[in-house]
Amino acid sequence: MIHRMLACLFDIDGTLLSSGGAGKHAMYAAIASEFGVAQLDDGIPFAGRTDRAIGRDLLLRHGLEDTPANWRRFVRAYLDHLPRSLVGRPGRVLPGVGSLLERLRKRGDVAIGLLTGNLRDGAAGKLGHYGIDHYFAFGGFGDHHLDRNDVAREALTEVTRHLPAPVDLDRIWVIGDTPLDVRCARAIGVRILAVCTGLHVRSDLEVESPDILLEDLSDASPLFEAWK
């Protein structure tokens, strides 16, 4: 039997919050402090990617091997720098996010999870810093996966584990701000609400044909209309 619950899987950076680049700053600080790199290359793309993929590129770009030992050192240093970076950078919860999360929580028929390229502990640090961590009970994270689509598969598995019965894929929504968010939703056969609150402009997202495209989450009524 298909369960009539709904599930929303939120991206973090550019969708739920803007950290003022705290994550990127902490990653570069980790490379510098842990590996003694003096000349940093800041040309690595971050938006929509997994922390595992970003970390691999940071190591390799700075002449370091992407070994399990180096990855562990990088993660440890990154998570050490992240709280200070969050305090020291201008950031905020994005428009409409708080009220939407509260509305979803009060419904009782919506499972609220994450589909993020962030490390699990990094996600907890960012969400906790902005006081919205308590809304999210499960998710897919970027600790191990190089490909965002694999994070989506992990998140879908967690939806199944979290809920007492199978959920129709048509009732699972990814909410994100990058073309990669749209593509990973399509990769697992679920719906996608895209918002223009990250680094990508509206036309970048329109070409991916999301189910819903909003400027921000201040008025999420199209999502609730889609559930009727």
# chains A, B, ... in the order shown; residues from 1 in each chain; ligands from 1
call {"tool": "residues_around", "arguments": {"residues": "Arg171 (chain A)", "least_positions_apart": "6", "cutoff": "10 Å", "atoms": "only C-alpha atoms", "output": "mmCIF file with C-alpha atoms, in the first residue's frame"}}
result
data_model
loop_
_atom_site.group_PDB
_atom_site.id
_atom_site.type_symbol
_atom_site.label_atom_id
_atom_site.label_comp_id
_atom_site.auth_asym_id
_atom_site.auth_seq_id
_atom_site.Cartn_x
_atom_site.Cartn_y
_atom_site.Cartn_z
ATOM 1 C CA HIS A 3 1.393 5.864 2.081
ATOM 2 C CA ARG A 4 -0.306 9.240 1.666
ATOM 3 C CA MET A 5 2.422 11.115 3.503
ATOM 4 C CA LEU A 6 4.444 13.754 1.721
ATOM 5 C CA ALA A 7 8.183 14.319 1.955
ATOM 6 C CA CYS A 8 10.216 17.485 1.375
ATOM 7 C CA VAL A 110 4.935 15.960 5.775
ATOM 8 C CA VAL A 190 10.604 12.865 -7.732
ATOM 9 C CA ARG A 191 9.269 16.413 -8.049
ATOM 10 C CA ALA A 226 0.323 21.001 -6.101
ATOM 11 C CA TRP A 227 -0.513 18.756 -3.124
#
call {"tool": "select_by_dssp", "arguments": {"residues": "region 68-164 of chain A", "states": "alpha helix (DSSP H)", "output": "MDAnalysis selection string"}}
result
chainID A and resid 68:88 97:107 120:129 148:162
call {"tool": "residues_around", "arguments": {"residues": "Ala32 (chain A)", "least_positions_apart": "5", "cutoff": "12 Å", "atoms": "only C-alpha atoms", "output": "list in words"}}
result
His25, Ala26, Met27, Val37, Ala38, Gln39, Leu40, Asp41, Leu58, Leu59, His62, Leu64, Arg73, Phe74, Ala77, Tyr78 and His81 of chain A
call {"tool": "residues_around", "arguments": {"residues": "Ile212 (chain A)", "least_positions_apart": "5", "cutoff": "9 Å", "atoms": "only C-alpha atoms", "output": "PDB file with N, CA and C atoms, in the first residue's frame"}}
result
ATOM      1  N   ARG A 191       9.591  15.061  -7.597  1.00  0.00           N
ATOM      2  CA  ARG A 191       9.269  16.413  -8.049  1.00  0.00           C
ATOM      3  C   ARG A 191      10.308  17.394  -7.532  1.00  0.00           C
ATOM      4  N   ILE A 192      10.341  18.595  -8.149  1.00  0.00           N
ATOM      5  CA  ILE A 192      11.359  19.571  -7.777  1.00  0.00           C
ATOM      6  C   ILE A 192      10.779  20.981  -7.766  1.00  0.00           C
ATOM      7  N   LEU A 193      10.998  21.673  -6.660  1.00  0.00           N
ATOM      8  CA  LEU A 193      10.722  23.093  -6.536  1.00  0.00           C
ATOM      9  C   LEU A 193      12.075  23.798  -6.512  1.00  0.00           C
ATOM     10  N   ALA A 194      12.303  24.673  -7.474  1.00  0.00           N
ATOM     11  CA  ALA A 194      13.570  25.408  -7.542  1.00  0.00           C
ATOM     12  C   ALA A 194      13.345  26.855  -7.131  1.00  0.00           C
ATOM     13  N   VAL A 195      14.325  27.401  -6.418  1.00  0.00           N
ATOM     14  CA  VAL A 195      14.249  28.798  -5.980  1.00  0.00           C
ATOM     15  C   VAL A 195      15.476  29.564  -6.469  1.00  0.00           C
ATOM     16  N   PRO A 222       2.267  27.790  -4.351  1.00  0.00           N
ATOM     17  CA  PRO A 222       2.228  26.841  -5.475  1.00  0.00           C
ATOM     18  C   PRO A 222       2.570  25.407  -5.055  1.00  0.00           C
ATOM     19  N   LEU A 223       3.418  25.254  -4.056  1.00  0.00           N
ATOM     20  CA  LEU A 223       3.731  23.912  -3.559  1.00  0.00           C
ATOM     21  C   LEU A 223       2.512  23.289  -2.912  1.00  0.00           C
TER      22      LEU A 223
END
call {"tool": "atom_distance", "arguments": {"atom1": "CA of His129 (chain A)", "atom2": "CA of Asp11 (chain A)"}}
result
16.1 Å
call {"tool": "select_by_dssp", "arguments": {"residues": "region 60-140 of chain A", "states": "strand (DSSP E or B)", "output": "PyMOL selection string"}}
result
chain A and resi 92-93+110-115+139-140
call {"tool": "atom_distance", "arguments": {"atom1": "CA of Phe224 (chain A)", "atom2": "CA of Arg107 (chain A)"}}
result
11.1 Å
